[in-house]
file start_20.tsv (TSV, C-alpha atoms and all ligand atoms)
chain	number	residue	atom	x	y	z
Y	27	MET	CA	-71.00	-23.06	83.25
Y	28	ASN	CA	-73.99	-24.68	84.87
Y	29	TRP	CA	-77.00	-22.65	85.90
Y	30	ASP	CA	-77.82	-24.83	88.86
Y	31	ASP	CA	-74.89	-24.91	91.29
Y	32	THR	CA	-76.09	-28.12	92.90
Y	33	ALA	CA	-76.18	-30.09	89.64
Y	34	PRO	CA	-73.39	-32.64	89.13
Y	35	PRO	CA	-70.73	-31.41	86.71
Y	36	THR	CA	-71.31	-32.17	83.05
Y	37	ASP	CA	-68.64	-34.02	81.05
Y	38	ALA	CA	-67.58	-30.74	79.47
Y	39	GLU	CA	-67.20	-29.12	82.90
Y	40	ALA	CA	-65.20	-32.08	84.17
Y	41	ALA	CA	-62.92	-31.84	81.12
Y	42	ALA	CA	-62.47	-28.10	81.64
Y	43	ASP	CA	-61.62	-28.53	85.35
Y	44	GLY	CA	-57.97	-28.72	86.20
Y	45	ARG	CA	-56.96	-27.73	82.70
Y	46	LEU	CA	-53.72	-25.78	82.77
Y	47	VAL	CA	-54.92	-23.46	80.01
Y	48	GLY	CA	-58.51	-23.19	81.34
Y	49	ALA	CA	-59.58	-19.61	81.97
Y	50	SER	CA	-61.73	-20.19	85.07
Y	51	ALA	CA	-60.13	-19.96	88.49
Y	52	ASP	CA	-59.10	-23.22	90.18
Y	53	GLY	CA	-58.33	-23.69	93.87
Y	54	GLU	CA	-54.67	-22.73	93.58
Y	55	ASP	CA	-55.55	-19.62	91.55
Y	56	GLN	CA	-57.92	-18.48	94.26
Y	57	ALA	CA	-55.25	-18.87	96.91
Y	58	VAL	CA	-52.60	-16.83	95.10
Y	59	GLU	CA	-54.68	-14.39	93.07
Y	60	ALA	CA	-55.31	-12.03	95.93
Y	61	ALA	CA	-51.55	-11.51	96.24
Y	62	LEU	CA	-51.10	-10.87	92.52
Y	63	ARG	CA	-54.02	-8.48	92.04
Y	64	PRO	CA	-53.09	-4.95	91.02
Y	65	LYS	CA	-54.37	-2.51	93.64
Y	66	SER	CA	-54.70	0.67	91.55
Y	67	LEU	CA	-55.59	1.71	88.00
Y	68	ASP	CA	-51.94	2.61	87.39
Y	69	GLU	CA	-50.85	-0.92	88.28
Y	70	PHE	CA	-53.54	-2.52	86.12
Y	71	VAL	CA	-51.85	-3.66	82.90
Y	72	GLY	CA	-53.34	-3.09	79.43
Y	73	GLN	CA	-57.03	-2.38	78.62
Y	74	GLU	CA	-55.94	1.20	77.84
Y	75	ARG	CA	-59.33	2.45	76.72
Y	76	VAL	CA	-61.22	0.96	79.67
Y	77	ARG	CA	-58.63	2.38	82.05
Y	78	GLU	CA	-58.77	5.83	80.57
Y	79	GLN	CA	-62.57	5.95	80.58
Y	80	LEU	CA	-62.85	4.56	84.08
Y	81	ASP	CA	-60.24	7.02	85.32
Y	82	LEU	CA	-62.42	9.89	84.05
Y	83	VAL	CA	-65.61	8.47	85.54
Y	84	LEU	CA	-64.01	8.02	88.96
Y	85	LYS	CA	-62.06	11.29	89.05
Y	86	ALA	CA	-65.13	13.28	88.01
Y	87	ALA	CA	-67.21	11.66	90.75
Y	88	LEU	CA	-64.48	12.35	93.31
Y	89	ALA	CA	-64.25	15.99	92.20
Y	90	ARG	CA	-68.02	16.39	92.58
Y	91	GLY	CA	-67.93	14.68	95.93
Y	92	ALA	CA	-70.47	12.25	94.52
Y	93	THR	CA	-70.82	8.50	94.36
Y	94	ALA	CA	-69.54	7.04	91.07
Y	95	ASP	CA	-72.00	5.88	88.42
Y	96	HIS	CA	-72.85	2.19	88.25
Y	97	VAL	CA	-70.29	0.25	86.21
Y	98	LEU	CA	-70.80	-2.91	84.17
Y	99	LEU	CA	-67.70	-5.01	83.43
Y	100	SER	CA	-68.08	-7.59	80.71
Y	101	GLY	CA	-65.50	-9.98	79.36
Y	102	ALA	CA	-64.21	-13.55	79.30
Y	103	PRO	CA	-63.06	-15.29	82.52
Y	104	GLY	CA	-59.67	-14.28	83.91
Y	105	LEU	CA	-59.40	-10.89	82.19
Y	106	GLY	CA	-59.58	-8.84	85.38
Y	107	LYS	CA	-63.22	-8.05	86.19
Y	108	THR	CA	-63.00	-8.86	89.91
Y	109	THR	CA	-59.64	-7.09	90.07
Y	110	LEU	CA	-61.09	-3.96	88.47
Y	111	SER	CA	-64.07	-3.91	90.84
Y	112	MET	CA	-61.68	-3.82	93.80
Y	113	ILE	CA	-59.65	-1.09	92.12
Y	114	ILE	CA	-62.81	1.00	91.65
Y	115	ALA	CA	-63.50	0.83	95.39
Y	116	ALA	CA	-59.87	1.59	96.23
Y	117	GLU	CA	-59.72	4.58	93.88
Y	118	MET	CA	-62.95	5.94	95.38
Y	119	GLY	CA	-61.65	5.32	98.90
Y	120	ALA	CA	-64.82	3.33	99.49
Y	121	PRO	CA	-65.47	-0.03	101.15
Y	122	ILE	CA	-66.55	-2.90	98.90
Y	123	ARG	CA	-69.17	-5.58	99.45
Y	124	ILE	CA	-68.84	-8.68	97.28
Y	125	THR	CA	-71.65	-10.99	96.25
Y	126	SER	CA	-72.80	-12.83	93.15
Y	127	GLY	CA	-75.91	-13.46	91.08
Y	128	PRO	CA	-76.28	-17.13	92.05
Y	129	ALA	CA	-76.05	-16.17	95.76
Y	130	ILE	CA	-79.10	-13.92	95.42
Y	131	GLN	CA	-82.04	-16.15	94.69
Y	132	HIS	CA	-84.72	-14.19	96.52
Y	133	ALA	CA	-85.47	-10.49	96.32
Y	134	GLY	CA	-85.27	-10.50	100.13
Y	135	ASP	CA	-81.59	-11.52	99.98
Y	136	LEU	CA	-80.89	-8.48	97.85
Y	137	ALA	CA	-82.99	-6.17	100.03
Y	138	ALA	CA	-80.97	-7.25	103.06
Y	139	ILE	CA	-77.68	-6.46	101.34
Y	140	LEU	CA	-78.83	-3.16	99.85
Y	141	SER	CA	-80.31	-1.85	103.09
Y	142	SER	CA	-77.07	-2.50	104.97
Y	143	LEU	CA	-74.81	-0.61	102.52
Y	144	GLN	CA	-72.99	2.50	103.71
Y	145	GLU	CA	-73.13	5.71	101.73
Y	146	GLY	CA	-70.70	5.53	98.79
Y	147	GLU	CA	-70.03	1.81	99.23
Y	148	VAL	CA	-69.23	-0.30	96.17
Y	149	LEU	CA	-71.45	-3.35	95.73
Y	150	PHE	CA	-69.74	-5.89	93.49
Y	151	LEU	CA	-72.26	-8.25	91.92
Y	152	ASP	CA	-70.36	-10.98	90.11
Y	153	GLU	CA	-72.12	-13.13	87.49
Y	154	ILE	CA	-74.92	-10.60	87.45
Y	155	HIS	CA	-76.58	-12.45	84.54
Y	156	ARG	CA	-77.39	-15.32	86.92
Y	157	MET	CA	-79.58	-13.37	89.33
Y	158	SER	CA	-83.20	-14.40	89.82
Y	159	ARG	CA	-85.91	-12.41	88.09
Y	160	PRO	CA	-87.53	-10.87	91.21
Y	161	ALA	CA	-84.12	-9.77	92.53
Y	162	GLU	CA	-83.32	-8.27	89.16
Y	163	GLU	CA	-86.49	-6.20	89.21
Y	164	MET	CA	-85.73	-4.95	92.69
Y	165	LEU	CA	-82.29	-3.98	91.49
Y	166	TYR	CA	-83.73	-1.75	88.73
Y	167	MET	CA	-85.34	0.54	91.25
Y	168	ALA	CA	-82.39	0.43	93.62
Y	169	MET	CA	-80.00	1.47	90.87
Y	170	GLU	CA	-82.17	4.25	89.55
Y	171	ASP	CA	-83.85	5.74	92.60
Y	172	PHE	CA	-81.81	4.31	95.52
Y	173	ARG	CA	-85.02	2.89	96.87
Y	174	VAL	CA	-86.53	-0.58	97.22
Y	175	ASP	CA	-90.03	-1.74	97.97
Y	176	VAL	CA	-89.99	-4.38	100.64
Y	177	ILE	CA	-93.07	-6.59	100.35
Y	178	VAL	CA	-94.57	-7.51	103.69
Y	179	GLY	CA	-97.18	-10.26	103.92
Y	180	LYS	CA	-98.60	-12.52	101.24
Y	181	GLY	CA	-101.54	-12.59	98.84
Y	182	PRO	CA	-104.11	-9.77	98.66
Y	183	GLY	CA	-103.04	-8.41	102.06
Y	184	ALA	CA	-99.40	-7.91	101.00
Y	185	THR	CA	-98.13	-4.35	101.17
Y	186	ALA	CA	-95.06	-2.69	99.74
Y	187	ILE	CA	-93.05	-0.65	102.22
Y	188	PRO	CA	-90.69	1.77	100.49
Y	189	LEU	CA	-87.17	1.86	101.91
Y	190	GLU	CA	-84.66	4.62	101.12
Y	191	LEU	CA	-81.11	3.47	100.36
Y	192	PRO	CA	-77.90	5.44	100.70
Y	193	PRO	CA	-76.31	6.24	97.32
Y	194	PHE	CA	-73.97	3.40	96.32
Y	195	THR	CA	-72.06	2.26	93.25
Y	196	LEU	CA	-73.07	-1.03	91.73
Y	197	VAL	CA	-70.28	-2.81	89.87
Y	198	GLY	CA	-71.72	-5.72	87.91
Y	199	ALA	CA	-69.55	-8.33	86.21
Y	200	THR	CA	-70.58	-10.76	83.52
Y	201	THR	CA	-68.97	-13.11	81.05
Y	202	ARG	CA	-72.21	-13.01	79.05
Y	203	ALA	CA	-73.26	-9.40	78.48
Y	204	GLY	CA	-75.66	-10.60	75.79
Y	205	LEU	CA	-77.73	-12.40	78.44
Y	206	LEU	CA	-78.45	-9.23	80.41
Y	207	PRO	CA	-81.96	-7.86	79.93
Y	208	PRO	CA	-81.78	-4.42	78.25
Y	209	PRO	CA	-83.48	-2.60	81.17
Y	210	LEU	CA	-80.67	-3.80	83.44
Y	211	ARG	CA	-77.93	-2.99	80.94
Y	212	ASP	CA	-79.36	0.50	80.43
Y	213	ARG	CA	-79.13	1.35	84.10
Y	214	PHE	CA	-75.35	1.25	84.14
Y	215	GLY	CA	-73.76	4.65	83.58
Y	216	PHE	CA	-70.62	3.10	82.20
Y	217	THR	CA	-69.98	-0.24	80.51
Y	218	ALA	CA	-66.45	-1.54	80.13
Y	219	HIS	CA	-65.90	-4.35	77.69
Y	220	MET	CA	-62.66	-6.16	78.46
Y	221	GLU	CA	-60.72	-7.58	75.54
Y	222	PHE	CA	-58.18	-10.37	75.43
Y	223	TYR	CA	-54.65	-9.08	76.12
Y	224	GLU	CA	-51.87	-8.65	73.59
Y	225	PRO	CA	-48.74	-10.75	74.18
Y	226	VAL	CA	-46.69	-7.65	75.14
Y	227	GLU	CA	-49.28	-6.80	77.80
Y	228	LEU	CA	-49.12	-10.33	79.16
Y	229	GLU	CA	-45.34	-10.01	79.31
Y	230	ARG	CA	-45.85	-7.03	81.62
Y	231	VAL	CA	-48.31	-9.04	83.74
Y	232	ILE	CA	-45.72	-11.83	83.99
Y	233	HIS	CA	-42.85	-9.49	84.92
Y	234	ARG	CA	-45.03	-7.89	87.56
Y	235	SER	CA	-46.10	-11.24	89.05
Y	236	ALA	CA	-42.53	-12.55	88.91
Y	237	ARG	CA	-41.40	-9.54	90.95
Y	238	LEU	CA	-44.10	-10.17	93.56
Y	239	LEU	CA	-43.18	-13.87	93.72
Y	240	ASP	CA	-39.44	-13.08	93.95
Y	241	LEU	CA	-38.60	-14.82	90.68
Y	242	VAL	CA	-35.83	-13.96	88.27
Y	243	THR	CA	-37.35	-13.86	84.79
Y	244	ASP	CA	-35.61	-12.57	81.68
Y	245	ALA	CA	-37.42	-10.89	78.78
Y	246	ASP	CA	-37.37	-13.97	76.54
Y	247	GLY	CA	-38.69	-16.18	79.32
Y	248	ALA	CA	-41.63	-13.85	79.92
Y	249	ALA	CA	-42.30	-13.65	76.17
Y	250	GLU	CA	-42.32	-17.43	75.88
Y	251	ILE	CA	-44.93	-17.75	78.65
Y	252	ALA	CA	-46.99	-14.81	77.32
Y	253	GLY	CA	-47.29	-16.41	73.87
Y	254	ARG	CA	-48.86	-19.50	75.41
Y	255	SER	CA	-51.30	-17.70	77.72
Y	256	ARG	CA	-54.30	-17.32	75.40
Y	257	GLY	CA	-54.61	-13.58	75.93
Y	258	THR	CA	-55.58	-14.14	79.58
Y	259	PRO	CA	-53.71	-12.82	82.66
Y	260	ARG	CA	-55.03	-15.63	84.87
Y	261	ILE	CA	-53.52	-18.24	82.53
Y	262	ALA	CA	-50.26	-16.25	82.30
Y	263	ASN	CA	-49.95	-16.26	86.09
Y	264	ARG	CA	-50.75	-19.96	86.27
Y	265	LEU	CA	-48.21	-20.91	83.59
Y	266	LEU	CA	-45.63	-18.75	85.36
Y	267	ARG	CA	-46.08	-20.83	88.52
Y	268	ARG	CA	-45.62	-24.11	86.64
Y	269	VAL	CA	-42.51	-22.77	84.92
Y	270	ARG	CA	-41.19	-21.63	88.30
Y	271	ASP	CA	-41.55	-25.20	89.65
Y	272	TYR	CA	-39.64	-26.58	86.68
Y	273	ALA	CA	-36.91	-23.95	86.88
Y	274	GLN	CA	-36.42	-24.69	90.58
Y	275	VAL	CA	-36.28	-28.46	90.20
Y	276	LYS	CA	-34.48	-28.82	86.86
Y	277	ALA	CA	-32.46	-25.63	86.53
Y	278	ASP	CA	-31.04	-22.81	88.65
Y	279	GLY	CA	-34.44	-21.24	89.35
Y	280	ARG	CA	-34.10	-18.53	86.70
Y	281	ILE	CA	-36.88	-18.32	84.13
Y	282	THR	CA	-35.46	-18.16	80.61
Y	283	ARG	CA	-36.87	-19.00	77.20
Y	284	GLU	CA	-35.38	-22.49	77.49
Y	285	THR	CA	-36.78	-23.29	80.94
Y	286	ALA	CA	-40.19	-21.86	79.99
Y	287	ALA	CA	-40.40	-23.88	76.77
Y	288	ALA	CA	-39.14	-27.07	78.44
Y	289	ALA	CA	-41.53	-26.70	81.38
Y	290	LEU	CA	-44.57	-26.09	79.23
Y	291	ALA	CA	-43.63	-28.99	76.96
Y	292	VAL	CA	-43.89	-31.19	80.04
Y	293	TYR	CA	-47.42	-29.87	80.58
Y	294	GLU	CA	-48.22	-30.29	76.86
Y	295	VAL	CA	-49.00	-26.61	76.31
Y	296	ASP	CA	-47.61	-25.73	72.89
Y	297	GLY	CA	-46.13	-22.51	71.53
Y	298	ARG	CA	-49.53	-21.08	70.77
Y	299	GLY	CA	-51.23	-22.13	74.01
Y	300	LEU	CA	-52.98	-25.24	72.67
Y	301	ASP	CA	-53.11	-28.19	75.04
Y	302	ARG	CA	-53.44	-31.91	74.41
Y	303	LEU	CA	-57.20	-31.78	73.82
Y	304	ASP	CA	-56.99	-28.85	71.41
Y	305	ARG	CA	-54.31	-30.60	69.38
Y	306	ALA	CA	-56.21	-33.90	69.39
Y	307	VAL	CA	-59.22	-32.15	67.86
Y	308	LEU	CA	-57.11	-30.45	65.21
Y	309	GLN	CA	-55.16	-33.61	64.46
Y	310	ALA	CA	-58.34	-35.65	63.95
Y	311	LEU	CA	-59.79	-32.94	61.75
Y	312	LEU	CA	-56.67	-32.80	59.59
Y	313	LYS	CA	-55.45	-36.38	59.53
Y	314	LEU	CA	-58.73	-38.32	59.53
Y	315	PHE	CA	-60.98	-35.92	57.68
Y	316	GLY	CA	-58.59	-34.08	55.38
Y	317	GLY	CA	-59.43	-30.79	57.10
Y	318	GLY	CA	-63.22	-31.23	56.92
Y	319	PRO	CA	-65.96	-30.33	56.65
Y	320	VAL	CA	-66.93	-32.89	59.25
Y	321	GLY	CA	-69.85	-32.97	61.67
Y	322	LEU	CA	-69.26	-32.20	65.35
Y	323	SER	CA	-70.46	-35.64	66.54
Y	324	THR	CA	-68.17	-37.46	64.12
Y	325	LEU	CA	-65.24	-35.35	65.17
Y	326	ALA	CA	-65.99	-35.95	68.86
Y	327	VAL	CA	-66.14	-39.74	68.35
Y	328	ALA	CA	-62.80	-39.62	66.53
Y	329	VAL	CA	-61.23	-37.76	69.46
Y	330	GLY	CA	-62.89	-40.02	72.03
Y	331	GLU	CA	-64.57	-37.12	73.81
Y	332	GLU	CA	-68.13	-35.98	74.40
Y	333	ARG	CA	-69.61	-33.64	71.82
Y	334	GLU	CA	-70.01	-30.91	74.45
Y	335	THR	CA	-66.36	-31.20	75.47
Y	336	VAL	CA	-65.19	-30.61	71.92
Y	337	GLU	CA	-67.71	-27.83	71.34
Y	338	GLU	CA	-67.42	-25.96	74.65
Y	339	VAL	CA	-63.92	-26.71	75.88
Y	340	ALA	CA	-61.73	-27.01	72.80
Y	341	GLU	CA	-63.42	-25.18	69.96
Y	342	PRO	CA	-63.87	-21.62	71.26
Y	343	PHE	CA	-60.12	-21.04	71.44
Y	344	LEU	CA	-59.44	-22.84	68.14
Y	345	VAL	CA	-62.04	-20.63	66.46
Y	346	ARG	CA	-60.66	-17.49	68.12
Y	347	GLU	CA	-57.16	-18.39	66.95
Y	348	GLY	CA	-58.39	-18.84	63.38
Y	349	LEU	CA	-57.44	-22.54	63.33
Y	350	LEU	CA	-60.94	-23.97	62.97
Y	351	ALA	CA	-64.16	-22.66	61.46
Y	352	ARG	CA	-67.72	-23.73	62.22
Y	353	THR	CA	-69.64	-23.84	58.94
Y	354	PRO	CA	-73.16	-25.04	58.10
Y	355	ARG	CA	-71.58	-28.16	56.54
Y	356	GLY	CA	-69.43	-28.96	59.56
Y	357	ARG	CA	-66.07	-28.16	61.10
Y	358	VAL	CA	-63.34	-27.01	58.74
Y	359	ALA	CA	-59.62	-26.52	59.37
Y	360	THR	CA	-58.02	-23.31	58.12
Y	361	PRO	CA	-54.62	-23.14	56.36
Y	362	ALA	CA	-53.20	-21.91	59.69
Y	363	ALA	CA	-54.20	-25.22	61.30
Y	364	TRP	CA	-52.20	-27.21	58.76
Y	365	ALA	CA	-49.23	-24.92	59.27
Y	366	HIS	CA	-49.49	-25.12	63.06
Y	367	LEU	CA	-49.33	-28.91	63.09
Y	368	GLY	CA	-46.65	-28.94	60.38
Y	369	LEU	CA	-48.86	-30.85	57.94
Y	370	VAL	CA	-49.46	-30.28	54.23
Y	371	PRO	CA	-53.07	-29.83	53.09
Y	372	PRO	CA	-54.22	-32.31	50.40
Y	373	GLN	CA	-54.12	-31.07	46.79
Y	374	HIS	CA	-57.42	-30.66	45.01
Y	375	GLY	CA	-58.42	-33.63	42.85
Y	376	GLY	CA	-55.80	-36.05	44.10
Y	377	GLY	CA	-53.10	-36.80	46.64
Y	378	ALA	CA	-53.10	-39.84	48.90
Y	379	ASN	CA	-53.95	-37.71	51.93
Y	380	GLY	CA	-57.08	-36.20	50.37
Y	381	ALA	CA	-58.40	-39.48	48.98
Y	382	GLY	CA	-57.79	-41.21	52.31
Y	383	ALA	CA	-59.64	-38.48	54.11
Y	384	ARG	CA	-62.70	-38.75	51.89
Y	385	GLY	CA	-62.73	-42.50	52.36
Y	386	GLN	CA	-62.71	-42.06	56.13
Y	387	GLN	CA	-65.46	-39.52	56.03
Y	388	GLY	CA	-67.71	-41.86	54.08
Y	389	LEU	CA	-67.04	-44.53	56.66
Y	390	PHE	CA	-67.94	-42.33	59.63
Y	391	GLY	CA	-70.78	-40.32	58.04
Y	392	THR	CA	-71.58	-36.88	59.44
Y	401	LIG	N1	-54.82	-6.03	83.86
Y	401	LIG	C1	-54.22	-6.87	84.72
Y	401	LIG	N2	-52.98	-6.62	85.17
Y	401	LIG	C2	-52.37	-7.49	85.99
Y	401	LIG	N3	-52.93	-8.63	86.46
Y	401	LIG	C3	-54.17	-8.91	86.06
Y	401	LIG	C4	-54.88	-8.06	85.18
Y	401	LIG	N4	-56.10	-8.59	84.96
Y	401	LIG	C5	-56.14	-9.72	85.66
Y	401	LIG	N5	-54.98	-9.93	86.32
Y	401	LIG	C6	-54.66	-11.10	87.15
Y	401	LIG	O1	-55.44	-12.19	86.70
Y	401	LIG	C7	-56.10	-12.83	87.78
Y	401	LIG	C8	-57.55	-13.03	87.40
Y	401	LIG	O2	-58.22	-11.79	87.35
Y	401	LIG	P1	-59.72	-11.63	87.88
Y	401	LIG	O3	-59.98	-12.57	89.01
Y	401	LIG	O4	-59.95	-10.18	88.13
Y	401	LIG	O5	-60.52	-12.10	86.59
Y	401	LIG	P2	-62.09	-12.12	86.34
Y	401	LIG	O6	-62.33	-11.39	85.07
Y	401	LIG	O7	-62.81	-11.65	87.55
Y	401	LIG	O8	-62.37	-13.68	86.10
Y	401	LIG	P3	-63.76	-14.50	86.34
Y	401	LIG	O9	-64.63	-14.22	85.15
Y	401	LIG	O10	-63.31	-15.94	86.37
Y	401	LIG	O11	-64.34	-14.04	87.63
Y	401	LIG	C9	-55.91	-11.93	89.01
Y	401	LIG	O12	-55.24	-12.64	90.00
Y	401	LIG	C10	-55.01	-10.81	88.58
Y	401	LIG	O13	-53.82	-10.88	89.33
Y	402	MG	MG	-64.05	-12.64	88.87
call {"tool": "encode", "arguments": {"input": "start_20.tsv", "output": "structure tokens"}}
result
Amino acid sequence: MNWDDTAPPTDAEAAADGRLVGASADGEDQAVEAALRPKSLDEFVGQERVREQLDLVLKAALARGATADHVLLSGAPGLGKTTLSMIIAAEMGAPIRITSGPAIQHAGDLAAILSSLQEGEVLFLDEIHRMSRPAEEMLYMAMEDFRVDVIVGKGPGATAIPLELPPFTLVGATTRAGLLPPPLRDRFGFTAHMEFYEPVELERVIHRSARLLDLVTDADGAAEIAGRSRGTPRIANRLLRRVRDYAQVKADGRITRETAAAALAVYEVDGRGLDRLDRAVLQALLKLFGGGPVGLSTLAVAVGEERETVEEVAEPFLVREGLLARTPRGRVATPAAWAHLGLVPPQHGGGANGAGARGQQGLFGT
């Protein structure tokens, strides 16, 4: 993600764009996601702990006739932060105003939004870690005291005019909770950390979406898609749409294990959710470097990609899946990586594969 929205995309961003297993929303996702979004906590699949805690927070506020505490939602892209913010408003019977950190560059932008909120309204601030510093400081006071100081004039003659705000609920979302300054983090009454979903939960997401899209999907078909969805509902929904296309063109429209596997083979998404780039990185690491350790730059050259693309686009998922490890001496494949690609690791102290790998490594350097 680039801090400056006007900057041209980096190579890594270009490589991540349009990737079937990418977690960020693309144009098609944005068009269909509204239709697939669960509208209530009961409909929201998985995240049991978050759901239970949030249910208590909201019900208690409703019972007191009060505005709910501010809520921070943190978690990787596509796990349901925006969806949950809308559910919070719906459960509170409150309107929601949606904005984002990068859209608020001046404190004045924030003051304008805050002063126009209705009592009890939910303000959803997406990418809250990307707000400007002055806006952030204004937000501290707004969250705590429902008050802002509007600065009028410039220089020594400037004066602060206090402005009372109606009580509201701030829902902040971030993919990078670690980047939030502690004073901001501390002002949220409740923080929900969203985890990646289990395959059985993604199966439920897929069945639900299939119903809404009028698709016939059997249990094995949903399981096949879920296993390739990288723990992410957005990816599950996207793969479901590609499988639907295939089933309609090449089969009778029904989504079974066979149509799902055949469709995703066409798109080069394998049984574990790795795509062409992920497998190219693993294959180079195993076949050219005997499983490593090998330096990132050397590995990137071998794959024919930029260093950043390998590091930011491919590696995070490979590391999460326990297929690749980043060590001080370089990238290393795990036994699971050899098994996944159906290759045999070289034996210690011999074996053509191992010797070949060491020769290559010497050639490339690290
Ligand atoms: N728990 C869930 N149950 C069912 N569907 C879900 C769930 N979570 C997310 N989804 C689906 O996944 C899609 C992406 O979710 P959402 O837009 O809320 O993710 P996000 O965390 O806001 O992502 P980003 O970080 O990119 O903004 C939505 O269209 C929604 O339909
Ligand atoms: Mg979102």
call {"tool": "closest_residue", "arguments": {"input": "start_20.tsv", "among": "Y:Ala236, Y:Leu344, Y:Leu46, Y:Leu206", "to": "Ala61 in chain Y", "atoms": "all atoms listed in the file"}}
result
Y:Ala236
call {"tool": "closest_atom_pairs", "arguments": {"input": "start_20.tsv", "of": "chain Y", "to": "ligand MG 402 (chain Y)", "cutoff": "9 Å", "atoms": "all atoms listed in the file", "output": "JSON lines"}}
result
{"residue": "Y:Ser50", "atom": "CA", "partner": "Y:MG402", "partner_atom": "MG", "distance": 8.8}
{"residue": "Y:Ala51", "atom": "CA", "partner": "Y:MG402", "partner_atom": "MG", "distance": 8.3}
{"residue": "Y:Pro103", "atom": "CA", "partner": "Y:MG402", "partner_atom": "MG", "distance": 7.0}
{"residue": "Y:Gly104", "atom": "CA", "partner": "Y:MG402", "partner_atom": "MG", "distance": 6.8}
{"residue": "Y:Leu105", "atom": "CA", "partner": "Y:MG402", "partner_atom": "MG", "distance": 8.3}
{"residue": "Y:Gly106", "atom": "CA", "partner": "Y:MG402", "partner_atom": "MG", "distance": 6.8}
{"residue": "Y:Lys107", "atom": "CA", "partner": "Y:MG402", "partner_atom": "MG", "distance": 5.4}
{"residue": "Y:Thr108", "atom": "CA", "partner": "Y:MG402", "partner_atom": "MG", "distance": 4.1}
{"residue": "Y:Thr109", "atom": "CA", "partner": "Y:MG402", "partner_atom": "MG", "distance": 7.2}
{"residue": "Y:Ser111", "atom": "CA", "partner": "Y:MG402", "partner_atom": "MG", "distance": 8.9}
{"residue": "Y:Asp152", "atom": "CA", "partner": "Y:MG402", "partner_atom": "MG", "distance": 6.6}
{"residue": "Y:Glu153", "atom": "CA", "partner": "Y:MG402", "partner_atom": "MG", "distance": 8.2}
{"residue": "Y:Ala199", "atom": "CA", "partner": "Y:MG402", "partner_atom": "MG", "distance": 7.5}
{"residue": "Y:Thr200", "atom": "CA", "partner": "Y:MG402", "partner_atom": "MG", "distance": 8.6}
call {"tool": "atom_distance", "arguments": {"input": "start_20.tsv", "atom1": "CA of Arg267 in chain Y", "atom2": "CA of Leu239 in chain Y"}}
result
9.2 Å
call {"tool": "residues_near_point", "arguments": {"input": "start_20.tsv", "point": "(-63.2, -2.1, 97.7)", "cutoff": "10 Å", "atoms": "only C-alpha atoms", "output": "ChimeraX atom specification"}}
result
/Y:65,109-124,147-150
call {"tool": "write_last_selection", "arguments": {"input": "start_20.tsv", "atoms": "C-alpha atoms", "output": "short mmCIF file (atom, residue, chain, number, x, y, z; two decimals), in the frame of the given file"}}
result
data_model
loop_
_atom_site.label_atom_id
_atom_site.label_comp_id
_atom_site.auth_asym_id
_atom_site.auth_seq_id
_atom_site.Cartn_x
_atom_site.Cartn_y
_atom_site.Cartn_z
CA LYS Y 65 -54.37 -2.51 93.64
CA THR Y 109 -59.64 -7.09 90.07
CA LEU Y 110 -61.09 -3.96 88.47
CA SER Y 111 -64.07 -3.91 90.84
CA MET Y 112 -61.68 -3.82 93.80
CA ILE Y 113 -59.65 -1.09 92.12
CA ILE Y 114 -62.81 1.00 91.65
CA ALA Y 115 -63.50 0.83 95.39
CA ALA Y 116 -59.87 1.59 96.23
CA GLU Y 117 -59.72 4.58 93.88
CA MET Y 118 -62.95 5.94 95.38
CA GLY Y 119 -61.65 5.32 98.90
CA ALA Y 120 -64.82 3.33 99.49
CA PRO Y 121 -65.47 -0.03 101.15
CA ILE Y 122 -66.55 -2.90 98.90
CA ARG Y 123 -69.17 -5.58 99.45
CA ILE Y 124 -68.84 -8.68 97.28
CA GLU Y 147 -70.03 1.81 99.23
CA VAL Y 148 -69.23 -0.30 96.17
CA LEU Y 149 -71.45 -3.35 95.73
CA PHE Y 150 -69.74 -5.89 93.49
#
call {"tool": "closest_residue", "arguments": {"input": "start_20.tsv", "among": "Y:Leu210, Y:Val329, Y:Val178, Y:Leu165", "to": "Arg302 in chain Y", "atoms": "only C-alpha atoms"}}
result
Y:Val329
call {"tool": "residues_around", "arguments": {"input": "start_20.tsv", "residues": "Val226 in chain Y", "least_positions_apart": "2", "cutoff": "10 Å", "atoms": "all atoms listed in the file", "output": "JSON, numbers by chain"}}
result
{"Y": [72, 223, 224, 228, 229, 230, 231, 232, 248, 249, 252, 253, 257]}
call {"tool": "closest_residue", "arguments": {"input": "start_20.tsv", "among": "Y:Ala138, Y:Leu303, Y:Val320, Y:Met157", "to": "Glu338 in chain Y", "atoms": "all atoms listed in the file"}}
result
Y:Leu303
call {"tool": "axis_aligned_box", "arguments": {"input": "start_20.tsv", "around": "ligand LIG 401 (chain Y)", "padding_each_side": "5 Å", "output": "AutoDock Vina command-line options"}}
result
--center_x -58.5 --center_y -11.0 --center_z 86.9 --size_x 22.3 --size_y 19.9 --size_z 16.1
call {"tool": "atom_distance", "arguments": {"input": "start_20.tsv", "atom1": "CA of Gly299 in chain Y", "atom2": "CA of Glu78 in chain Y"}}
result
29.7 Å
call {"tool": "residues_around", "arguments": {"input": "start_20.tsv", "residues": "Leu367 in chain Y", "least_positions_apart": "4", "cutoff": "10 Å", "atoms": "only C-alpha atoms", "output": "NGL selection string"}}
result
:Y and (305 or 308-309 or 312 or 362-363)
call {"tool": "atom_distance", "arguments": {"input": "start_20.tsv", "atom1": "CA of Ala288 in chain Y", "atom2": "CA of Arg45 in chain Y"}}
result
18.3 Å
call {"tool": "residues_around", "arguments": {"input": "start_20.tsv", "residues": "Thr185 in chain Y", "least_positions_apart": "6", "cutoff": "10 Å", "atoms": "all atoms listed in the file", "output": "PyMOL selection string"}}
result
chain Y and resi 175-179
